[in-house]
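K.L.:
I'm passing along input-v8.txt; it holds compact mmCIF, C-alpha atoms.
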# COMPACT_ATOMS: atom_id res chain seq x y z
CA MET A 1 104.55 143.32 132.93
CA ARG A 2 102.54 140.25 131.94
CA LEU A 3 104.43 140.09 128.66
CA LEU A 4 107.72 139.78 130.56
CA ASN A 5 106.34 136.70 132.33
CA TRP A 6 106.03 134.96 128.92
CA LEU A 7 109.50 135.99 127.71
CA PRO A 8 111.36 132.93 129.11
CA LEU A 9 108.85 130.64 127.41
CA PHE A 10 109.32 132.40 124.05
CA LEU A 11 113.10 132.25 124.38
CA ALA A 12 112.99 128.53 125.19
CA ALA A 13 110.76 127.88 122.18
CA ALA A 14 113.07 129.86 119.91
CA ALA A 15 116.11 127.95 121.16
CA PHE A 16 114.35 124.63 120.59
CA ALA A 17 113.29 125.64 117.06
CA ALA A 18 116.90 126.51 116.20
CA GLU A 19 118.08 122.93 116.82
CA PRO A 20 118.89 121.24 113.52
CA PRO A 21 116.93 118.09 112.76
CA THR A 22 118.70 114.74 113.01
CA GLU A 23 116.75 113.19 110.14
CA LEU A 24 116.07 114.28 106.57
CA VAL A 25 113.25 116.84 106.31
CA VAL A 26 111.45 117.06 102.95
CA GLU A 27 108.83 119.78 102.45
CA THR A 28 107.06 120.23 99.11
CA THR A 29 106.70 123.97 98.53
CA HIS A 30 105.14 123.75 95.04
CA LEU A 31 103.41 120.82 93.37
CA PRO A 32 102.42 121.10 89.69
CA ALA A 33 98.83 120.34 88.66
CA GLU A 34 99.96 117.32 86.64
CA CYS A 35 102.68 114.84 87.38
CA PRO A 36 102.96 112.28 84.58
CA ILE A 37 106.35 111.00 85.77
CA LYS A 38 108.01 110.92 89.19
CA ALA A 39 111.77 110.75 89.66
CA GLN A 40 113.07 107.34 90.62
CA LYS A 41 116.42 105.68 91.17
CA GLY A 42 118.40 105.52 87.94
CA ASP A 43 116.67 108.50 86.28
CA GLU A 44 118.80 111.22 84.76
CA ILE A 45 117.47 114.45 86.25
CA GLN A 46 118.10 118.20 86.01
CA VAL A 47 117.71 120.18 89.25
CA HIS A 48 118.01 123.86 90.09
CA TYR A 49 119.04 124.47 93.68
CA THR A 50 120.33 126.91 96.24
CA GLY A 51 122.19 125.57 99.26
CA THR A 52 122.69 127.28 102.62
CA LEU A 53 123.91 126.25 106.04
CA PHE A 54 121.20 125.63 108.65
CA ASP A 55 123.18 127.79 111.11
CA ASP A 56 123.56 130.65 108.59
CA PRO A 57 120.72 130.66 106.04
CA SER A 58 121.48 134.21 104.90
CA GLU A 59 124.45 133.32 102.68
CA PRO A 60 124.20 130.57 100.02
CA PHE A 61 127.29 128.38 99.71
CA ASP A 62 126.26 127.20 96.22
CA SER A 63 123.53 127.79 93.66
CA SER A 64 122.87 126.45 90.16
CA HIS A 65 121.05 129.71 89.43
CA ASN A 66 124.39 131.56 89.61
CA ARG A 67 125.60 129.36 86.74
CA ASN A 68 122.31 129.69 84.80
CA ALA A 69 122.24 125.90 84.44
CA PRO A 70 120.56 123.17 86.46
CA LEU A 71 122.69 120.36 87.83
CA GLY A 72 122.42 117.08 85.93
CA ILE A 73 122.76 113.84 87.90
CA THR A 74 121.68 110.23 87.81
CA LEU A 75 119.44 109.84 90.86
CA GLY A 76 120.11 107.25 93.53
CA ILE A 77 123.58 106.06 92.54
CA GLY A 78 125.72 108.15 94.89
CA GLN A 79 126.73 110.98 92.56
CA VAL A 80 125.50 113.45 95.17
CA ILE A 81 125.04 113.44 98.94
CA LYS A 82 122.61 110.88 100.36
CA GLY A 83 120.18 113.59 101.42
CA TRP A 84 119.72 114.54 97.76
CA ASP A 85 119.44 110.95 96.55
CA GLN A 86 116.66 110.42 99.10
CA GLY A 87 115.07 113.88 99.15
CA LEU A 88 114.58 114.16 95.37
CA LEU A 89 112.93 110.75 94.91
CA GLY A 90 109.33 111.00 93.76
CA MET A 91 109.60 114.60 92.55
CA CYS A 92 107.71 115.77 89.47
CA VAL A 93 108.96 118.18 86.82
CA GLY A 94 108.11 121.67 88.09
CA GLU A 95 107.92 120.54 91.72
CA LYS A 96 109.84 122.51 94.34
CA ARG A 97 111.08 121.10 97.63
CA HIS A 98 112.76 122.45 100.73
CA LEU A 99 115.31 119.91 102.04
CA ILE A 100 116.98 120.01 105.45
CA ILE A 101 119.80 117.49 105.43
CA PRO A 102 121.59 116.39 108.62
CA PRO A 103 125.36 115.83 108.55
CA ASN A 104 125.09 112.02 108.34
CA LEU A 105 123.27 112.41 104.99
CA ALA A 106 125.52 115.26 103.82
CA TYR A 107 129.30 115.64 104.33
CA GLY A 108 129.54 114.33 107.89
CA SER A 109 132.35 115.49 110.13
CA ARG A 110 134.75 116.19 107.22
CA GLY A 111 132.79 119.07 105.63
CA ALA A 112 133.43 120.04 102.01
CA GLY A 113 135.40 122.50 99.95
CA GLY A 114 136.25 124.87 102.76
CA VAL A 115 132.73 126.35 102.63
CA ILE A 116 130.81 123.59 104.44
CA PRO A 117 132.18 122.94 107.92
CA GLY A 118 132.25 119.47 109.43
CA GLY A 119 129.02 118.50 111.15
CA ALA A 120 126.98 121.02 109.17
CA THR A 121 123.26 120.58 108.55
CA LEU A 122 122.43 121.78 105.04
CA VAL A 123 119.33 123.46 103.64
CA PHE A 124 118.43 123.29 99.95
CA GLU A 125 115.72 124.91 97.91
CA THR A 126 115.30 122.60 94.91
CA GLU A 127 113.28 122.59 91.70
CA MET A 128 113.00 119.58 89.36
CA VAL A 129 113.60 120.83 85.82
CA ALA A 130 113.71 117.57 83.83
CA ILE A 131 113.45 113.80 84.27
CA ASN A 132 114.84 111.44 81.67
CA ARG A 133 113.78 107.90 82.44
CA ARG A 134 116.50 105.41 81.68
CA GLU A 135 114.83 102.21 80.67
CA PRO A 136 116.81 99.13 81.55
CA GLU A 137 118.51 97.57 78.58
CA VAL A 138 116.44 94.76 77.20
CA LYS A 139 118.68 92.03 75.95
CA GLU A 140 117.56 90.08 72.95
CA PRO A 141 117.06 86.50 73.94
CA GLU A 142 119.86 84.41 72.63
CA PRO A 143 118.83 81.81 70.11
CA GLU A 144 118.36 78.51 71.79
CA VAL A 145 121.03 76.10 70.71
CA LYS A 146 119.69 72.60 70.82
CA GLU A 147 122.04 69.76 71.26
CA PRO A 148 121.32 67.06 68.73
CA GLU A 149 119.39 64.34 70.42
CA PRO A 150 121.04 60.97 70.27
CA GLU A 151 119.46 58.72 67.74
CA VAL A 152 117.47 56.03 69.36
CA LYS A 153 116.95 53.09 67.10
CA GLU A 154 113.80 51.17 67.56
CA PRO A 155 114.51 47.48 67.62
CA GLU A 156 113.55 45.92 64.35
CA PRO A 157 110.88 43.29 64.57
CA GLU A 158 112.34 39.83 64.43
CA ALA A 159 112.09 38.42 61.02
CA LYS A 160 109.91 35.36 60.91
CA GLU A 161 111.09 32.49 58.92
CA PRO A 162 108.86 32.13 56.01
CA GLU A 163 106.64 29.15 56.29
CA PRO A 164 107.35 26.63 53.66
CA GLU A 165 104.92 26.60 50.89
CA VAL A 166 102.74 23.61 50.97
CA LYS A 167 101.48 22.40 47.69
CA GLU A 168 97.93 21.16 47.41
CA SER A 169 99.05 17.72 46.59
CA GLU A 170 101.17 17.65 49.73
CA ARG A 171 98.23 18.89 51.79
CA ASP A 172 96.27 15.89 51.13
CA GLU A 173 99.02 13.83 52.50
CA LEU A 174 99.00 15.72 55.76
Write out the structure in this file as structure tokens.
P.N.:
Amino acid sequence: MRLLNWLPLFLAAAAFAAEPPTELVVETTHLPAECPIKAQKGDEIQVHYTGTLFDDPSEPFDSSHNRNAPLGITLGIGQVIKGWDQGLLGMCVGEKRHLIIPPNLAYGSRGAGGVIPGGATLVFETEMVAINRREPEVKEPEPEVKEPEPEVKEPEPEAKEPEPEVKESERDEL
């Protein structure tokens, strides 16, 4: 009988737990021992994933594993939903993450492809397979073109009139 007294509390807790989050949830489920490079905006990455609906996690709506090929994207430039662009940042090769993505970071009220209804919260199991860092292009500095400086002429010293030569005989007269 005492167990029945707790039943309403358990049911309330279960109902609360079933509410989808309103913000991105990122849970690391596996972290490799070494992480020499972390994914950042602009990196070309390869990701394996399985996506399900929060309301029906039993049936995947998409999976790269079914195609035997990870998905290749450039991270952080809008090629994928915002929840992925944000949720995959900082991942290491070999790392696995569980992402719960609210509608405002997924497909919103429009849904997608007839398999994701409008307003759906999505759940992804992801694994980073590869990160290719795209270094920004370094432009060679252009050679500096110097304008020729105008010639500045120094004023020539005024020429002095040569003093007349005075002969010794004329000196005595002075």
K.L.:
What is the distance between CA of Gly51 in chain A and CA of Pro36 in chain A, in Å to one decimal?
P.N.:
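About the pair CA of Gly51 in chain A and CA of Pro36 in chain A: they are 27.6 Å apart.
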K.L.:
Which distance in Å separates CA of Asn132 in chain A and CA of Glu44 in chain A, to one decimal?
P.N.:
5.0 Å
K.L.:
What is the CA of His30 in chain A to CA of His98 in chain A distance in Å?
P.N.:
9.6 Å
K.L.:
Could you tell me which of A:Glu144, A:Glu34, A:Asp55, A:Glu127 comes closest to Trp84 in chain A if we count all atoms listed in the file?
P.N.:
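Closest to Trp84 in chain A of all the choices is A:Glu127.
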K.L.:
Considering all atoms listed in the file, return as a list of chain:residue names whatever protein or nucleic-acid residues lie within 10 Å of range 112-115 of chain A, sequence-local ones (same chain, fewer than 5 positions apart) excluded.
P.N.:
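Near range 112-115 of chain A, the qualifying residues are A:Leu53, A:Pro60, A:Phe61, A:Asp62, A:Ala106, A:Tyr107, A:Ala120.
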K.L.:
Can you list, as a ChimeraX atom specification, every protein, DNA or RNA residue that comes within 12 Å of Gln79 in chain A when you count all atoms listed in the file, leaving out same-chain residues fewer than 4 positions away?
P.N.:
/A:41-42,44-45,71-75,83-85
K.L.:
Using only C-alpha atoms, please write the residues we just selected to a file, as a PDB file, keeping the file's coordinate frame.
P.N.:
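Result file follows (selection.pdb):
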ATOM      1  CA  LYS A  41     116.420 105.680  91.170  1.00  0.00           C
ATOM      2  CA  GLY A  42     118.400 105.520  87.940  1.00  0.00           C
ATOM      3  CA  GLU A  44     118.800 111.220  84.760  1.00  0.00           C
ATOM      4  CA  ILE A  45     117.470 114.450  86.250  1.00  0.00           C
ATOM      5  CA  LEU A  71     122.690 120.360  87.830  1.00  0.00           C
ATOM      6  CA  GLY A  72     122.420 117.080  85.930  1.00  0.00           C
ATOM      7  CA  ILE A  73     122.760 113.840  87.900  1.00  0.00           C
ATOM      8  CA  THR A  74     121.680 110.230  87.810  1.00  0.00           C
ATOM      9  CA  LEU A  75     119.440 109.840  90.860  1.00  0.00           C
ATOM     10  CA  GLY A  83     120.180 113.590 101.420  1.00  0.00           C
ATOM     11  CA  TRP A  84     119.720 114.540  97.760  1.00  0.00           C
ATOM     12  CA  ASP A  85     119.440 110.950  96.550  1.00  0.00           C
TER      13      ASP A  85
END
K.L.:
Choose the residue, out of A:Ser64, A:Thr121, A:Thr29, A:Ser109, that has the smallest atom-to-atom separation from Gln46 in chain A; count all atoms listed in the file.
P.N.:
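Closest candidate: A:Ser64.
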K.L.:
Here's a test: counting all atoms listed in the file, identify every protein, DNA and RNA residue with an atom at most 8 Å from (112.9, 117.2, 99.2) in the file's coordinate frame, and state them as a list of chain:residue names.
P.N.:
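Every polymer residue passing the test: A:Val25, A:Val26, A:Glu27, A:Thr28, A:Trp84, A:Gln86, A:Gly87, A:Leu88, A:Leu89, A:Met91, A:Lys96, A:Arg97, A:His98, A:Leu99, A:Ile100, A:Thr126.
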K.L.:
Rank A:Leu105, A:Glu125, A:Ala33, A:Phe54 by their smallest atom-to-atom distance to Gly78 in chain A, using only C-alpha atoms, and report the top residue only.
P.N.:
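Going through A:Leu105, A:Glu125, A:Ala33, A:Phe54 one by one, the smallest distance to Gly78 in chain A is for A:Leu105.
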K.L.:
Between A:Leu122, A:Val129, A:Ile116, A:Leu31, which is the closest to His48 in chain A once you count all atoms listed in the file?
P.N.:
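When distances to His48 in chain A are compared using all atoms listed in the file, the smallest one comes from A:Val129.
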K.L.:
Rank nothing, just name the residue among A:Ser58, A:Pro102, A:Tyr49, A:Pro117 nearest to Glu19 in chain A, using only C-alpha atoms.
P.N.:
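Of A:Ser58, A:Pro102, A:Tyr49, A:Pro117, the one nearest Glu19 in chain A is A:Pro102, counting only C-alpha atoms.
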K.L.:
Could you check which of A:Asn68, A:Pro103, A:Glu23, A:Glu95 is closest to Cys35 in chain A, using only C-alpha atoms?
P.N.:
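Smallest separation from Cys35 in chain A among the options: A:Glu95.
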K.L.:
With all heavy atoms retained, output range 77-90 of chain A as a compact mmCIF listing (two decimals), in the first residue's frame.
P.N.:
# COMPACT_ATOMS: atom_id res chain seq x y z
N ILE A 77 29.47 26.86 -40.88
CA ILE A 77 29.14 27.79 -41.96
C ILE A 77 27.69 27.61 -42.45
O ILE A 77 27.33 28.13 -43.50
CB ILE A 77 30.13 27.69 -43.14
CG1 ILE A 77 30.07 26.31 -43.80
CG2 ILE A 77 31.54 28.02 -42.69
CD1 ILE A 77 30.79 26.27 -45.14
N GLY A 78 26.89 26.86 -41.71
CA GLY A 78 25.48 26.72 -42.06
C GLY A 78 25.16 25.63 -43.06
O GLY A 78 24.06 25.63 -43.61
N GLN A 79 26.05 24.69 -43.27
CA GLN A 79 25.74 23.56 -44.16
C GLN A 79 24.76 22.60 -43.52
O GLN A 79 24.12 21.81 -44.21
CB GLN A 79 27.01 22.79 -44.54
CG GLN A 79 27.89 23.49 -45.52
CD GLN A 79 29.09 22.62 -45.90
OE1 GLN A 79 29.48 21.70 -45.18
NE2 GLN A 79 29.68 22.94 -47.04
N VAL A 80 24.70 22.61 -42.21
CA VAL A 80 23.83 21.71 -41.44
C VAL A 80 23.02 22.55 -40.46
O VAL A 80 23.20 23.76 -40.36
CB VAL A 80 24.66 20.63 -40.69
CG1 VAL A 80 25.28 19.65 -41.65
CG2 VAL A 80 25.73 21.27 -39.81
N ILE A 81 22.16 21.91 -39.70
CA ILE A 81 21.35 22.64 -38.72
C ILE A 81 22.26 23.27 -37.66
O ILE A 81 23.36 22.80 -37.39
CB ILE A 81 20.28 21.72 -38.08
CG1 ILE A 81 20.93 20.52 -37.38
CG2 ILE A 81 19.25 21.28 -39.11
CD1 ILE A 81 19.95 19.62 -36.63
N LYS A 82 21.77 24.35 -37.06
CA LYS A 82 22.55 25.10 -36.08
C LYS A 82 22.97 24.23 -34.89
O LYS A 82 24.05 24.40 -34.34
CB LYS A 82 21.77 26.31 -35.58
CG LYS A 82 21.62 27.39 -36.61
CD LYS A 82 20.80 28.55 -36.06
CE LYS A 82 20.58 29.59 -37.15
NZ LYS A 82 19.74 30.70 -36.67
N GLY A 83 22.12 23.31 -34.50
CA GLY A 83 22.45 22.42 -33.38
C GLY A 83 23.70 21.60 -33.65
O GLY A 83 24.46 21.30 -32.73
N TRP A 84 23.91 21.21 -34.90
CA TRP A 84 25.14 20.49 -35.27
C TRP A 84 26.32 21.45 -35.29
O TRP A 84 27.38 21.13 -34.77
CB TRP A 84 24.97 19.83 -36.63
CG TRP A 84 24.51 18.41 -36.55
CD1 TRP A 84 23.53 17.90 -35.75
CD2 TRP A 84 25.02 17.32 -37.30
NE1 TRP A 84 23.39 16.56 -35.97
CE2 TRP A 84 24.30 16.17 -36.92
CE3 TRP A 84 26.00 17.18 -38.26
CZ2 TRP A 84 24.53 14.92 -37.46
CZ3 TRP A 84 26.24 15.94 -38.81
CH2 TRP A 84 25.52 14.82 -38.40
N ASP A 85 26.16 22.59 -35.93
CA ASP A 85 27.26 23.56 -35.98
C ASP A 85 27.76 23.91 -34.59
O ASP A 85 28.95 24.08 -34.37
CB ASP A 85 26.84 24.84 -36.72
CG ASP A 85 27.05 24.77 -38.23
OD1 ASP A 85 27.79 23.88 -38.70
OD2 ASP A 85 26.48 25.62 -38.95
N GLN A 86 26.85 23.99 -33.63
CA GLN A 86 27.24 24.31 -32.26
C GLN A 86 27.66 23.08 -31.47
O GLN A 86 28.63 23.12 -30.71
CB GLN A 86 26.07 25.00 -31.54
CG GLN A 86 25.72 26.35 -32.12
CD GLN A 86 24.45 26.94 -31.52
OE1 GLN A 86 24.00 26.54 -30.44
NE2 GLN A 86 23.85 27.89 -32.21
N GLY A 87 26.93 21.99 -31.63
CA GLY A 87 27.15 20.79 -30.81
C GLY A 87 28.39 19.99 -31.16
O GLY A 87 28.87 19.20 -30.36
N LEU A 88 28.94 20.20 -32.37
CA LEU A 88 30.14 19.46 -32.78
C LEU A 88 31.43 20.25 -32.56
O LEU A 88 32.52 19.70 -32.70
CB LEU A 88 30.03 19.04 -34.25
CG LEU A 88 28.82 18.16 -34.61
CD1 LEU A 88 28.79 17.86 -36.10
CD2 LEU A 88 28.82 16.88 -33.80
N LEU A 89 31.30 21.53 -32.22
CA LEU A 89 32.50 22.35 -31.95
C LEU A 89 33.29 21.76 -30.80
O LEU A 89 32.73 21.33 -29.80
CB LEU A 89 32.10 23.78 -31.60
CG LEU A 89 31.69 24.68 -32.75
CD1 LEU A 89 31.17 26.02 -32.20
CD2 LEU A 89 32.85 24.94 -33.69
N GLY A 90 34.59 21.74 -30.94
CA GLY A 90 35.46 21.28 -29.86
C GLY A 90 35.61 19.77 -29.78
O GLY A 90 36.30 19.28 -28.88
